[in-house]
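K.L.:
Sharing structure-v8.cif below, mmCIF, C-alpha atoms:
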data_entry
#
loop_
_atom_site.label_atom_id
_atom_site.label_comp_id
_atom_site.auth_asym_id
_atom_site.auth_seq_id
_atom_site.Cartn_x
_atom_site.Cartn_y
_atom_site.Cartn_z
CA MET P 1 -14.91 237.14 -106.62
CA SER P 2 -13.11 240.43 -106.12
CA PRO P 3 -11.41 240.97 -102.74
CA PHE P 4 -12.29 244.68 -102.94
CA THR P 5 -15.36 245.80 -101.04
CA GLY P 6 -17.03 248.93 -99.76
CA SER P 7 -17.67 250.05 -96.21
CA ALA P 8 -19.85 247.13 -95.16
CA ALA P 9 -18.48 245.35 -92.09
CA ARG P 10 -18.22 241.60 -91.79
CA THR P 11 -21.50 240.04 -90.63
CA ALA P 12 -21.16 238.98 -87.00
CA HIS P 13 -24.27 236.78 -86.84
CA TRP P 14 -26.12 234.74 -89.45
CA GLU P 15 -29.75 234.06 -88.60
CA HIS P 16 -30.17 230.91 -90.67
CA LEU P 17 -26.71 229.36 -90.48
CA ARG P 18 -24.15 228.38 -87.88
CA VAL P 19 -20.66 229.48 -88.96
CA GLU P 20 -17.37 228.43 -87.36
CA LEU P 21 -13.89 229.46 -88.51
CA THR P 22 -10.87 227.45 -87.37
CA ALA P 23 -7.38 227.89 -88.83
CA GLY P 24 -8.52 228.47 -92.39
CA VAL P 25 -11.43 225.99 -92.34
CA ALA P 26 -14.97 227.36 -92.31
CA THR P 27 -17.76 225.04 -91.21
CA VAL P 28 -21.20 226.21 -92.29
CA THR P 29 -24.08 224.26 -90.80
CA LEU P 30 -27.69 224.45 -91.94
CA ALA P 31 -29.42 224.68 -88.58
CA ARG P 32 -33.13 223.89 -88.82
CA PRO P 33 -33.02 220.27 -87.63
CA ASP P 34 -36.74 220.23 -86.78
CA LYS P 35 -37.45 220.89 -90.48
CA LEU P 36 -34.68 218.65 -91.87
CA ASN P 37 -32.82 221.90 -92.61
CA ALA P 38 -35.38 223.00 -95.18
CA LEU P 39 -34.30 226.23 -96.86
CA THR P 40 -36.18 229.50 -96.49
CA PHE P 41 -35.83 232.74 -98.47
CA GLY P 42 -33.53 233.99 -95.73
CA ALA P 43 -31.39 230.85 -95.72
CA TYR P 44 -30.76 231.14 -99.46
CA ALA P 45 -29.82 234.80 -99.09
CA ASP P 46 -27.57 234.10 -96.11
CA LEU P 47 -25.67 231.39 -98.00
CA ARG P 48 -25.20 233.70 -101.00
CA ASP P 49 -23.99 236.60 -98.87
CA LEU P 50 -21.80 234.49 -96.57
CA LEU P 51 -19.91 232.97 -99.48
CA ALA P 52 -19.35 236.43 -100.93
CA GLU P 53 -17.96 237.70 -97.62
CA LEU P 54 -15.66 234.72 -97.11
CA SER P 55 -14.43 235.03 -100.68
CA ARG P 56 -13.49 238.67 -100.17
CA GLU P 57 -11.70 238.04 -96.89
CA ARG P 58 -9.26 235.51 -98.36
CA SER P 59 -8.83 233.92 -94.92
CA VAL P 60 -10.73 230.71 -95.69
CA ARG P 61 -8.85 227.89 -97.40
CA ALA P 62 -11.58 225.23 -97.28
CA LEU P 63 -15.26 225.16 -96.37
CA VAL P 64 -17.40 222.31 -95.04
CA LEU P 65 -21.16 222.56 -95.65
CA ALA P 66 -23.13 220.34 -93.29
CA GLY P 67 -26.62 219.85 -91.92
CA GLU P 68 -27.66 219.56 -88.29
CA GLY P 69 -29.78 216.67 -87.05
CA ARG P 70 -31.14 213.75 -89.06
CA GLY P 71 -30.28 214.94 -92.57
CA PHE P 72 -28.29 217.29 -94.75
CA CYS P 73 -31.09 219.35 -96.33
CA SER P 74 -34.62 218.47 -97.43
CA GLY P 75 -34.79 221.29 -100.00
CA GLY P 76 -37.02 224.35 -100.07
CA ASP P 77 -39.48 224.69 -97.21
CA VAL P 78 -42.91 223.62 -98.51
CA ASP P 79 -44.87 226.14 -96.44
CA GLU P 80 -42.47 229.09 -96.40
CA ILE P 81 -41.36 228.91 -100.04
CA ILE P 82 -43.71 226.80 -102.16
CA GLY P 83 -46.78 228.23 -100.48
CA ALA P 84 -45.46 231.78 -100.81
CA THR P 85 -44.49 231.44 -104.46
CA LEU P 86 -48.07 230.62 -105.43
CA SER P 87 -49.02 234.24 -104.73
CA MET P 88 -46.02 235.81 -106.55
CA ASP P 89 -46.13 237.36 -109.99
CA THR P 90 -43.68 236.43 -112.74
CA ALA P 91 -41.20 239.20 -111.91
CA GLN P 92 -41.06 238.15 -108.26
CA LEU P 93 -40.68 234.50 -109.20
CA LEU P 94 -37.82 235.35 -111.55
CA ASP P 95 -36.07 237.28 -108.77
CA PHE P 96 -36.42 234.30 -106.42
CA ASN P 97 -35.18 231.74 -108.93
CA ARG P 98 -32.26 233.96 -109.86
CA MET P 99 -31.32 234.19 -106.18
CA THR P 100 -31.24 230.41 -105.75
CA GLY P 101 -29.01 230.22 -108.81
CA GLN P 102 -26.73 232.85 -107.31
CA VAL P 103 -26.15 230.52 -104.34
CA VAL P 104 -24.95 227.76 -106.67
CA ARG P 105 -22.74 230.20 -108.56
CA ALA P 106 -21.28 231.38 -105.27
CA VAL P 107 -20.38 227.80 -104.33
CA ARG P 108 -18.76 227.20 -107.71
CA GLU P 109 -16.99 230.57 -107.94
CA CYS P 110 -15.64 231.01 -104.40
CA PRO P 111 -11.83 230.73 -104.36
CA PHE P 112 -11.64 227.78 -101.96
CA PRO P 113 -12.78 224.15 -102.15
CA VAL P 114 -16.21 223.38 -100.73
CA ILE P 115 -16.92 219.98 -99.15
CA ALA P 116 -20.51 218.84 -98.63
CA ALA P 117 -20.79 216.49 -95.65
CA VAL P 118 -23.97 214.58 -96.50
CA HIS P 119 -25.88 212.33 -94.17
CA GLY P 120 -29.51 211.34 -94.46
CA VAL P 121 -31.58 213.21 -97.01
CA ALA P 122 -30.23 215.66 -99.57
CA ALA P 123 -33.33 216.49 -101.59
CA GLY P 124 -34.35 219.15 -104.07
CA ALA P 125 -32.28 222.27 -103.49
CA GLY P 126 -30.30 220.34 -100.87
CA ALA P 127 -29.22 217.85 -103.53
CA VAL P 128 -28.15 220.71 -105.83
CA LEU P 129 -26.16 222.38 -103.04
CA ALA P 130 -24.27 219.13 -102.52
CA LEU P 131 -23.85 218.75 -106.28
CA ALA P 132 -22.34 222.23 -106.55
CA ALA P 133 -19.67 221.43 -103.96
CA ASP P 134 -16.19 220.39 -105.09
CA PHE P 135 -16.30 217.27 -102.92
CA ARG P 136 -19.22 215.25 -101.59
CA VAL P 137 -18.32 213.12 -98.57
CA ALA P 138 -21.28 210.92 -97.71
CA ASP P 139 -22.45 208.78 -94.82
CA PRO P 140 -23.88 205.36 -95.79
CA THR P 141 -27.29 206.77 -94.81
CA ALA P 142 -27.09 209.49 -97.48
CA ARG P 143 -29.68 209.63 -100.22
CA PHE P 144 -29.93 212.20 -102.99
CA ALA P 145 -33.19 213.12 -104.71
CA PHE P 146 -33.68 215.79 -107.37
CA LEU P 147 -37.40 216.22 -106.76
CA PHE P 148 -38.27 219.17 -108.98
CA THR P 149 -40.41 217.31 -111.54
CA ARG P 150 -42.36 215.75 -108.67
CA VAL P 151 -43.72 219.18 -107.78
CA GLY P 152 -44.48 220.00 -111.41
CA LEU P 153 -41.31 221.99 -112.17
CA SER P 154 -38.34 221.51 -114.47
CA GLY P 155 -35.59 219.22 -113.27
CA GLY P 156 -33.16 221.86 -114.50
CA ASP P 157 -33.32 223.95 -111.33
CA MET P 158 -30.46 225.98 -109.81
CA GLY P 159 -28.06 224.77 -112.49
CA ALA P 160 -28.76 221.06 -111.95
CA ALA P 161 -29.13 220.36 -115.68
CA TYR P 162 -25.71 221.93 -116.23
CA LEU P 163 -23.83 220.37 -113.33
CA LEU P 164 -25.28 216.87 -112.99
CA PRO P 165 -24.44 215.56 -116.51
CA ARG P 166 -20.87 216.76 -115.99
CA VAL P 167 -20.61 214.77 -112.76
CA VAL P 168 -22.46 211.54 -113.56
CA GLY P 169 -22.98 211.65 -117.36
CA LEU P 170 -26.04 212.49 -119.42
CA GLY P 171 -27.74 209.12 -119.05
CA HIS P 172 -27.73 209.06 -115.26
CA ALA P 173 -28.52 212.78 -115.09
CA THR P 174 -31.57 212.33 -117.32
CA ARG P 175 -32.87 209.54 -115.10
CA LEU P 176 -32.27 211.43 -111.85
CA LEU P 177 -33.72 214.76 -113.04
CA MET P 178 -36.68 213.31 -114.94
CA LEU P 179 -37.87 210.73 -112.40
CA GLY P 180 -36.78 212.35 -109.15
CA GLU P 181 -36.10 208.94 -107.61
CA PRO P 182 -33.79 208.78 -104.58
CA VAL P 183 -30.22 207.59 -105.07
CA ARG P 184 -28.75 205.94 -102.01
CA ALA P 185 -25.10 206.10 -101.06
CA PRO P 186 -23.87 202.85 -102.70
CA GLU P 187 -25.32 203.78 -106.10
CA ALA P 188 -24.26 207.41 -105.68
CA GLU P 189 -20.69 206.21 -105.17
CA ARG P 190 -20.92 203.88 -108.19
CA ILE P 191 -22.06 206.60 -110.60
CA GLY P 192 -19.63 209.20 -109.26
CA LEU P 193 -22.12 211.43 -107.46
CA ILE P 194 -20.14 211.22 -104.22
CA SER P 195 -16.39 211.70 -103.85
CA ALA P 196 -15.88 209.51 -100.78
CA LEU P 197 -18.03 207.19 -98.68
CA ALA P 198 -17.35 207.61 -94.96
CA ASP P 199 -17.92 205.08 -92.21
CA GLU P 200 -21.37 205.28 -90.67
CA GLY P 201 -21.58 208.17 -88.23
CA ALA P 202 -18.17 209.53 -89.25
CA VAL P 203 -19.04 211.83 -92.16
CA ASP P 204 -18.35 215.06 -90.26
CA GLU P 205 -14.96 213.79 -89.14
CA ALA P 206 -14.11 212.65 -92.69
CA ALA P 207 -15.16 216.00 -94.18
CA GLN P 208 -13.15 217.94 -91.59
CA SER P 209 -10.10 215.75 -92.27
CA LEU P 210 -10.32 216.49 -95.98
CA ALA P 211 -10.87 220.20 -95.27
CA ARG P 212 -7.79 220.29 -93.05
CA ARG P 213 -5.71 218.58 -95.74
CA LEU P 214 -6.85 221.15 -98.29
CA ALA P 215 -6.44 224.11 -95.93
CA ASP P 216 -2.88 223.06 -95.09
CA GLY P 217 -2.01 222.81 -98.79
CA PRO P 218 -1.22 225.38 -101.49
CA ALA P 219 -4.34 227.56 -101.38
CA LEU P 220 -3.59 229.54 -104.53
CA ALA P 221 -3.02 226.35 -106.53
CA HIS P 222 -6.32 224.95 -105.25
CA ALA P 223 -8.16 228.17 -106.10
CA GLN P 224 -6.81 228.25 -109.63
CA THR P 225 -7.52 224.55 -110.18
CA LYS P 226 -11.13 225.10 -109.12
CA ALA P 227 -11.45 228.13 -111.37
CA LEU P 228 -10.07 226.23 -114.36
CA LEU P 229 -12.29 223.21 -113.77
CA THR P 230 -15.34 225.49 -113.94
CA ALA P 231 -14.15 227.75 -116.76
CA GLU P 232 -12.98 224.96 -119.04
CA LEU P 233 -16.19 222.91 -118.97
CA ASP P 234 -17.39 224.70 -122.10
CA MET P 235 -14.09 225.59 -123.77
CA PRO P 236 -12.55 224.04 -126.87
CA LEU P 237 -9.19 222.36 -126.28
CA ALA P 238 -7.17 225.18 -127.85
CA ALA P 239 -8.65 227.77 -125.49
CA SER P 240 -8.27 225.43 -122.54
CA VAL P 241 -4.57 224.76 -123.01
CA GLU P 242 -3.93 228.46 -123.54
CA LEU P 243 -5.71 229.29 -120.28
CA ASP P 244 -3.72 226.55 -118.54
CA ALA P 245 -0.48 227.99 -119.88
CA SER P 246 -1.29 231.52 -118.71
CA THR P 247 -2.30 230.28 -115.27
CA GLN P 248 0.83 228.18 -114.84
CA ALA P 249 3.07 231.04 -115.91
CA LEU P 250 1.55 233.23 -113.20
CA LEU P 251 1.81 230.53 -110.52
CA MET P 252 5.42 229.77 -111.50
CA ASN P 253 6.19 233.36 -110.57
CA GLY P 254 4.58 232.90 -107.14
CA GLU P 255 6.06 232.29 -103.71
CA ASP P 256 4.60 228.81 -103.25
CA TYR P 257 6.33 227.46 -106.35
CA ALA P 258 9.69 228.78 -105.14
CA GLU P 259 8.96 227.46 -101.64
CA PHE P 260 8.37 223.96 -103.00
CA HIS P 261 11.76 223.99 -104.71
CA GLN P 262 13.52 225.24 -101.59
CA ALA P 263 11.76 222.67 -99.40
CA PHE P 264 12.67 219.91 -101.86
CA LYS P 265 16.34 220.87 -101.69
CA GLU P 266 16.22 221.03 -97.88
CA LYS P 267 14.28 217.74 -97.63
CA ARG P 268 11.42 219.28 -95.62
CA THR P 269 7.69 219.86 -95.98
CA PRO P 270 6.80 223.07 -97.86
CA LYS P 271 5.37 225.96 -95.86
CA TRP P 272 2.58 227.05 -98.17
CA GLN P 273 1.62 230.72 -98.03
CA GLY P 274 -1.13 230.83 -100.65
CA ARG P 275 0.86 233.33 -102.68
#
Any chance you could put this one into structure tokens?
P.N.:
Amino acid sequence: MSPFTGSAARTAHWEHLRVELTAGVATVTLARPDKLNALTFGAYADLRDLLAELSRERSVRALVLAGEGRGFCSGGDVDEIIGATLSMDTAQLLDFNRMTGQVVRAVRECPFPVIAAVHGVAAGAGAVLALAADFRVADPTARFAFLFTRVGLSGGDMGAAYLLPRVVGLGHATRLLMLGEPVRAPEAERIGLISALADEGAVDEAAQSLARRLADGPALAHAQTKALLTAELDMPLAASVELDASTQALLMNGEDYAEFHQAFKEKRTPKWQGR
């Protein structure tokens, strides 16, 4: 995302999210615990717009996405979204579905790693939000369910049919998207759906620890690694190695690369600047 913006000021308050910024780590909490953090039209839009703002600012080096209360996110609110969509025409429905996809694109395209801290349920759109993150740190209570076919819709929602096979393989992705059955933490770890299994009750601490490790590291290297992982999913090898070469040549001309060499010679820890 481009760092250049117009005259719009940074948003001071987000109605549907709780946002905290601490020394390069943003913690974004879905805050509807009474509804298992079910997403509304406004929550989708806030997530999309928040990620765009944080991407432009260049002050965030890692982001933790969490859910308040008993679970991570139960998906789209049945009354506020599913009920409302029944009265929409095709053009309105297309606008809505494009917006939910824009949230996933924002997670994948923002220039910092995103860590989903998952406890309890991550269902429907909540499961896809976790899937879109770069890391999924899960509590033993976590369970993922891609429920779209169970409400009569395609399992390929919000990019799930693109992302899930690339994370767990086509066979597992077909089963999860077709049947919509819940996957609990032990199986999710076995098939590669989660990055790390935390101790019970310690998922937030584990996610923050990983975020701090990333934020204290070489931010530009992390950003470029994330960009290449996304861009090269559909590239032939020749294009991929050429893109790698161009990226490395640029980074080798950066301050962090020179700082590593100087720190190595002086036998100290590098002071990463993200440049």
K.L.:
Return the single residue from P:Val137, P:Ala160, P:Leu193, P:Leu243 that is closest to Ala231 of chain P, with distances computed using only C-alpha atoms.
P.N.:
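Checking each of P:Val137, P:Ala160, P:Leu193, P:Leu243 against Ala231 of chain P, counting only C-alpha atoms, the winner is P:Leu243.
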K.L.:
Specify as an MDAnalysis selection string each residue included when the PyMOL selection byres ((chain P and resi 62-72) around 6) is applied to this file.
P.N.:
chainID P and resid 25:31 33 36 60:61 73 112:122 211 215
K.L.:
Please evaluate the PyMOL selection byres ((chain P and resi 149) around 8) against the structure above and give the resulting residues as a PyMOL selection string.
P.N.:
chain P and resi 147-148+150-155+177-180
K.L.:
Select, from P:Leu210, P:Ala43, P:Leu233, P:Leu220, the residue with the minimum atom-to-atom distance to Ser195 of chain P, counting only C-alpha atoms.
P.N.:
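Under the stated criterion, the closest residue is P:Leu210.
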K.L.:
Please report the interatomic distance between atom CA of Ala202 of chain P and atom CA of Leu131 of chain P in Å with one decimal.
P.N.:
20.2 Å
K.L.:
Could you tell me how far atom CA of Phe144 of chain P sits from atom CA of Ala127 of chain P, in Å to one decimal place?
P.N.:
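Taking atom CA of Ala127 of chain P and atom CA of Phe144 of chain P, their separation equals 5.7 Å.
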K.L.:
One number please: atom CA of Val107 of chain P to atom CA of Leu47 of chain P, in Å, one decimal.
P.N.:
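Pair atom CA of Val107 of chain P / atom CA of Leu47 of chain P returns 9.0 Å.
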K.L.:
Which one of P:Leu176, P:Ala263, P:Ala123, P:Leu228 sits closest to Ser246 of chain P if you count all atoms listed in the file?
P.N.:
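Comparing P:Leu176, P:Ala263, P:Ala123, P:Leu228 against Ser246 of chain P, the winner is P:Leu228.
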K.L.:
Using only C-alpha atoms for the distances, tell me which of P:Arg48, P:Pro182, P:Glu200, P:Leu94 is nearest to Pro140 of chain P.
P.N.:
P:Glu200
K.L.:
Find the residue from P:Met252, P:Arg136, P:Leu237, P:Gly24 that sits nearest to Arg58 of chain P; use all atoms listed in the file when measuring.
P.N.:
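The closest residue to Arg58 of chain P is P:Gly24.
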K.L.:
Starting from the shown file, work through the PyMOL selection byres ((chain P and resi 173) around 12) and note down what comes out as a PyMOL selection string.
P.N.:
chain P and resi 131+145-146+155-156+160-172+174-181+183+188+191-193
K.L.:
Between P:Pro218, P:Pro236, P:Gly83, P:Pro111, which is the closest to Glu259 of chain P once you count only C-alpha atoms?
P.N.:
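When distances to Glu259 of chain P are compared using only C-alpha atoms, the smallest one comes from P:Pro218.
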K.L.:
I'd like the neighbourhood of Ala196 of chain P as JSON, numbers by chain, where a residue qualifies if any of its atoms comes within 9 Å (using all atoms listed in the file), though same-chain residues fewer than 4 positions away should be ignored.
P.N.:
{"P": [135, 136, 137, 138, 139, 189, 206]}
